[in-house]
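Asker: Here you go, one structure.
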Amino acid sequence: MKKDEVRVRFAPSPTGFLHIGGARTALFNYLYAKRHNGVFVLRVEDTDQARSTQEAAEAILDGLSWLGLSWDEGPFFQSERYDLYKEYIDQLVKEEKAYRCYCSPETLEQMREELKAQKKKPMYDGRCFSRRHEKNDQPFVIRFRVPQGQTTVHDLVKGDVTVDHKEIEDLVIARSDGTPTYNFVVVVDDAVMKITHVIRGDDHLNNTPKQILMYQALGFDVPQFAHLPLILGQDKTRLSKRHGATSVQMYRDMGYFPHAILNFLVRLGWSHKDQEIFSMAEMIEKFDFDAVGKSPGVFNPEKLLWINQHYMKHNSLEELVSGIEQYIEIPASRKNAPEMKKVIDALRDRAKTLDELAKLSSFYIQDEVVISKEDQLKFLTSDTKEPMQTFLQKIQSLNDWQHDALEKIFQETLTDHQLKFKSLGQPLRIILTASQFSPGIYDILEILGKDRSISRIQKALQTLY
């Protein structure tokens, strides 16, 4: 490790998919590390064996990889490091900075009820510290002895936060089965991994004074802390499933670009003047904690959709085609054809997500289109039959299959049957694309080509008999 090297970590618990809030924490760690030419460490905090799963761990790694937040070291799994934790627990017990607690759950509950009755904070009173030299066969946990005094967290976002140790009980650092607890393993891992900056959600702020005390008790350097404001739903409650999609994978499946997610997340709690759209290089260059707000960020789905639509309009053809391939198989002959570019260019301003773009593009990509029963009843009526037959007859003999020639025939058909554009244009649009929203009629005909256009019109006319 280089002197003064910045080292940060993202440390998710593998109990589900990568949450939007977790993704933002990972992003802020990543940006800070990259700005300072530092190291981004990935650590999986799986000490809660009852809730942690390998599938969830893989899902989190998959989400980070999709977002492009590549880690420099790891992933490290806490479940594989128990021997290390035991070594430091034994050290604290030997130095009488931790002790065995033999209190049963019933004793602890009685203690808390008595304190409540006295209108005191229901917390462990440290009674077993006086028995620290005893050894018997009763079940026990290991508790960390909280010294007297105060601890001040010098937080890069929140400022100084001071806590009196009277508010902190002697916390359990090893359960009765010997497994270590969260607050303890976090301290050991961050110290051993030489983490210089702990960047995490401010729901962890209450744990920080406890952890600082353990850093000091173990003789470790205390890292700098930056606690990020939480992300709330639009009703100003903590973001949860009731607000809609909350995992990164859900947004991937709905057709969002990974960078659109990152661009959206970086603005939840951080800003740079009035700028809304950032490249990754700009995020790295401009990110600092001075511009991270103290107030929670509000998750706005419409804002995310607006950002994604920006990238729909400005990303390269290759990125868009690659993106829609997760929803629809594109034959090589069509993927590499000039018409594919025409389709994308005609639709990229209309579609807000890759999923939408795939659906709108399917009229060209797929051989057949399936017209909904509702659209058949609404648009393909008996009144459509005769003018559509006229248009078909005219284009069958057309050799110059170009925009202007197609428009001329279409206008002639309208005149022949004394129709307005919509009366024939919308049924034709439905026949050719099975959608009410598509490129212009003449663009569609050009893109599909003569044979495919005629085939679809002929097939639709058979349903009008």
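Numbering starts fresh at 1 for the residues of each chain in the structure tokens, the chains themselves are lettered A, B, ... in the order given, and ligands are numbered from 1 as they appear.
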Please identify which residues in stretch 278-436 of chain A DSSP calls alpha helix (DSSP H) from the backbone, and express them as an NGL selection string.

Answerer: :A and (280-286 or 301-314 or 317-324 or 332-335 or 338-347 or 354-365 or 373-379 or 382-396 or 403-416 or 421-433)

Asker: To test your reading of the structure, identify every residue in stretch 116-179 of chain A that backbone DSSP assigns to strand (DSSP E), and report it as a list of chain:residue names.

Answerer: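 Put together, the selection reads A:Val141, A:Ile142, A:Arg143, A:Phe144, A:Gln150, A:Thr151, A:Thr152, A:Val153, A:His154, A:Asp155, A:Gly159, A:Asp160, A:Val161, A:Thr162, A:Val163, A:Asp164, A:Val172, A:Ile173, A:Ala174.
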
Asker: Could the residues in this selection be written to a file with N, CA and C atoms, as an mmCIF file, in the first residue's frame?

Answerer:
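Output (part.cif):
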```cif
data_model
loop_
_atom_site.group_PDB
_atom_site.id
_atom_site.type_symbol
_atom_site.label_atom_id
_atom_site.label_comp_id
_atom_site.auth_asym_id
_atom_site.auth_seq_id
_atom_site.Cartn_x
_atom_site.Cartn_y
_atom_site.Cartn_z
ATOM 1 N N VAL A 141 -22.080 -14.974 25.900
ATOM 2 C CA VAL A 141 -21.692 -14.155 24.751
ATOM 3 C C VAL A 141 -20.475 -13.343 25.183
ATOM 4 N N ILE A 142 -19.796 -12.748 24.222
ATOM 5 C CA ILE A 142 -18.694 -11.851 24.540
ATOM 6 C C ILE A 142 -19.166 -10.419 24.309
ATOM 7 N N ARG A 143 -18.997 -9.594 25.337
ATOM 8 C CA ARG A 143 -19.373 -8.190 25.235
ATOM 9 C C ARG A 143 -18.141 -7.290 25.253
ATOM 10 N N PHE A 144 -18.207 -6.234 24.466
ATOM 11 C CA PHE A 144 -17.154 -5.220 24.468
ATOM 12 C C PHE A 144 -17.430 -4.240 25.594
ATOM 13 N N GLN A 150 -16.760 10.401 26.103
ATOM 14 C CA GLN A 150 -17.510 10.783 24.907
ATOM 15 C C GLN A 150 -16.704 10.444 23.660
ATOM 16 N N THR A 151 -17.418 10.231 22.575
ATOM 17 C CA THR A 151 -16.763 10.020 21.283
ATOM 18 C C THR A 151 -17.368 10.978 20.270
ATOM 19 N N THR A 152 -16.499 11.626 19.508
ATOM 20 C CA THR A 152 -16.946 12.531 18.453
ATOM 21 C C THR A 152 -16.610 11.923 17.094
ATOM 22 N N VAL A 153 -17.634 11.809 16.275
ATOM 23 C CA VAL A 153 -17.448 11.356 14.896
ATOM 24 C C VAL A 153 -17.212 12.604 14.049
ATOM 25 N N HIS A 154 -16.061 12.680 13.414
ATOM 26 C CA HIS A 154 -15.758 13.800 12.517
ATOM 27 C C HIS A 154 -16.181 13.388 11.109
ATOM 28 N N ASP A 155 -17.437 13.647 10.807
ATOM 29 C CA ASP A 155 -18.012 13.124 9.571
ATOM 30 C C ASP A 155 -17.859 14.114 8.430
ATOM 31 N N GLY A 159 -20.657 16.550 9.532
ATOM 32 C CA GLY A 159 -19.941 17.385 10.485
ATOM 33 C C GLY A 159 -19.648 16.593 11.749
ATOM 34 N N ASP A 160 -19.357 17.265 12.848
ATOM 35 C CA ASP A 160 -19.034 16.584 14.104
ATOM 36 C C ASP A 160 -20.309 16.117 14.802
ATOM 37 N N VAL A 161 -20.309 14.845 15.193
ATOM 38 C CA VAL A 161 -21.424 14.258 15.938
ATOM 39 C C VAL A 161 -20.839 13.642 17.203
ATOM 40 N N THR A 162 -21.238 14.145 18.373
ATOM 41 C CA THR A 162 -20.681 13.685 19.644
ATOM 42 C C THR A 162 -21.708 12.834 20.394
ATOM 43 N N VAL A 163 -21.247 11.717 20.904
ATOM 44 C CA VAL A 163 -22.117 10.795 21.649
ATOM 45 C C VAL A 163 -21.493 10.513 23.012
ATOM 46 N N ASP A 164 -22.298 10.634 24.065
ATOM 47 C CA ASP A 164 -21.850 10.277 25.413
ATOM 48 C C ASP A 164 -21.887 8.766 25.551
ATOM 49 N N VAL A 172 -22.575 -6.764 22.330
ATOM 50 C CA VAL A 172 -22.167 -8.138 22.043
ATOM 51 C C VAL A 172 -21.299 -8.137 20.791
ATOM 52 N N ILE A 173 -20.105 -8.742 20.897
ATOM 53 C CA ILE A 173 -19.234 -8.856 19.720
ATOM 54 C C ILE A 173 -19.075 -10.307 19.265
ATOM 55 N N ALA A 174 -19.507 -11.256 20.096
ATOM 56 C CA ALA A 174 -19.544 -12.665 19.685
ATOM 57 C C ALA A 174 -20.772 -13.309 20.307
#
```

Asker: Considering only C-alpha atoms, state which residue in the set A:Ser455, A:Ser362, A:Gln309, A:Gln418 is at the smallest distance from A:Arg334.

Answerer: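 So, comparing all the options, the nearest one is A:Ser362.
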
Asker: What's the 8 Å shell around A:Leu218, counting only C-alpha atoms, without same-chain residues fewer than 4 positions away, as JSON, numbers by chain?

Answerer: {"A": [88, 92, 214]}

Asker: Report the distance between atom CA of A:Leu67 and atom CA of A:Glu356 in Å, rounded to one decimal place.

Answerer: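 Between atom CA of A:Leu67 and atom CA of A:Glu356 the gap works out to 20.5 Å.
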
Asker: With distances taken over only C-alpha atoms, which of A:Ala217, A:Leu69, A:Ile409, A:Leu27 is nearest to A:Gln91?

Answerer: A:Ala217

Asker: Could you give me, as a compact mmCIF listing (two decimals) with C-alpha atoms, in the first residue's frame, the residues within 10 Å of stretch 188-194 of chain A, counting only C-alpha atoms and dropping anything in the same chain fewer than 3 positions from it?

Answerer:
```txt
# COMPACT_ATOMS: atom_id res chain seq x y z
CA MET A 1 0.00 0.00 0.00
CA GLU A 5 -3.31 5.96 -0.64
CA VAL A 6 -7.10 6.30 -0.53
CA ARG A 7 -8.79 2.96 0.08
CA VAL A 8 -12.59 2.65 0.20
CA ARG A 9 -14.92 -0.30 0.32
CA VAL A 41 -12.51 -2.85 -2.32
CA ARG A 43 -16.43 -7.04 0.66
CA GLU A 45 -20.79 -9.08 4.71
CA GLU A 73 -9.74 -5.93 -4.72
CA PHE A 76 -13.84 -10.83 0.23
CA GLN A 78 -16.61 -12.37 5.94
CA ARG A 81 -12.53 -14.91 7.90
CA LEU A 84 -9.15 -13.69 12.04
CA TYR A 85 -12.08 -12.31 14.04
CA TYR A 88 -8.96 -10.18 17.83
CA ILE A 89 -11.84 -11.16 20.14
CA ASN A 183 -20.11 -4.10 14.44
CA PHE A 184 -17.01 -6.04 15.40
CA VAL A 185 -16.19 -7.71 12.08
CA HIS A 197 -12.54 6.28 4.19
CA VAL A 198 -15.76 4.55 5.24
CA GLN A 211 -16.95 1.13 16.08
CA MET A 214 -13.30 -0.75 19.07
CA TYR A 215 -10.74 0.68 16.63
CA LEU A 218 -7.58 -2.76 19.19
CA GLY A 219 -4.92 -0.13 18.50
CA PHE A 220 -6.09 0.51 14.94
CA ASP A 221 -6.09 3.82 13.09
CA VAL A 222 -9.59 5.26 12.85
CA PRO A 223 -10.67 5.87 9.23
```

Asker: Hey, which of A:Val157, A:Met123, A:Ile441, A:Ile212 ends up closest to A:Arg200? Count only C-alpha atoms.

Answerer: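 Smallest distance to A:Arg200 is found for A:Val157.
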
Asker: Using only C-alpha atoms, which protein or nucleic acid residues come within 9 Å of A:Leu414? Drop anything in the same chain fewer than 3 positions from it, and give the result as a list in words.

Answerer: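 Listing them by chain and then by number gives Pro387, Phe391, Ile409, Phe410, Gln411, His417, Gln418, Leu419, Lys420, Phe421, Ser423 and Leu424 of chain A.
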
Asker: Hey, what's within 10 Å of A:Gln49 if we count only C-alpha atoms and toss same-chain stuff fewer than 2 positions away? As a PDB file with C-alpha atoms, in the first residue's frame, please?

Answerer:
```
ATOM      1  CA  PRO A  14     -26.134 -10.749   0.440  1.00  0.00           C
ATOM      2  CA  THR A  15     -29.803 -10.929   1.358  1.00  0.00           C
ATOM      3  CA  GLU A  45     -20.792  -9.079   4.712  1.00  0.00           C
ATOM      4  CA  ASP A  46     -22.350 -12.521   5.062  1.00  0.00           C
ATOM      5  CA  THR A  47     -21.982 -13.200   8.788  1.00  0.00           C
ATOM      6  CA  ARG A  51     -30.385 -14.480   5.767  1.00  0.00           C
ATOM      7  CA  SER A  52     -27.329 -14.566   3.492  1.00  0.00           C
ATOM      8  CA  THR A  53     -27.355 -16.640   0.317  1.00  0.00           C
ATOM      9  CA  SER A  79     -17.793 -15.955   6.415  1.00  0.00           C
ATOM     10  CA  THR A 179     -19.903 -16.267  15.642  1.00  0.00           C
TER      11      THR A 179
END
```

Asker: Go ahead and compute the interatomic distance for atom CA of A:Leu380 and atom CA of A:Phe363, in Å to one decimal.

Answerer: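 Result for atom CA of A:Leu380 versus atom CA of A:Phe363: 17.6 Å, one decimal.
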
Asker: Pick the closest to A:Trp306 from A:Lys34, A:Ala281, A:Glu276, A:Glu325: which is it, counting only C-alpha atoms?

Answerer: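 Closest residue, counting only C-alpha atoms: A:Glu276.
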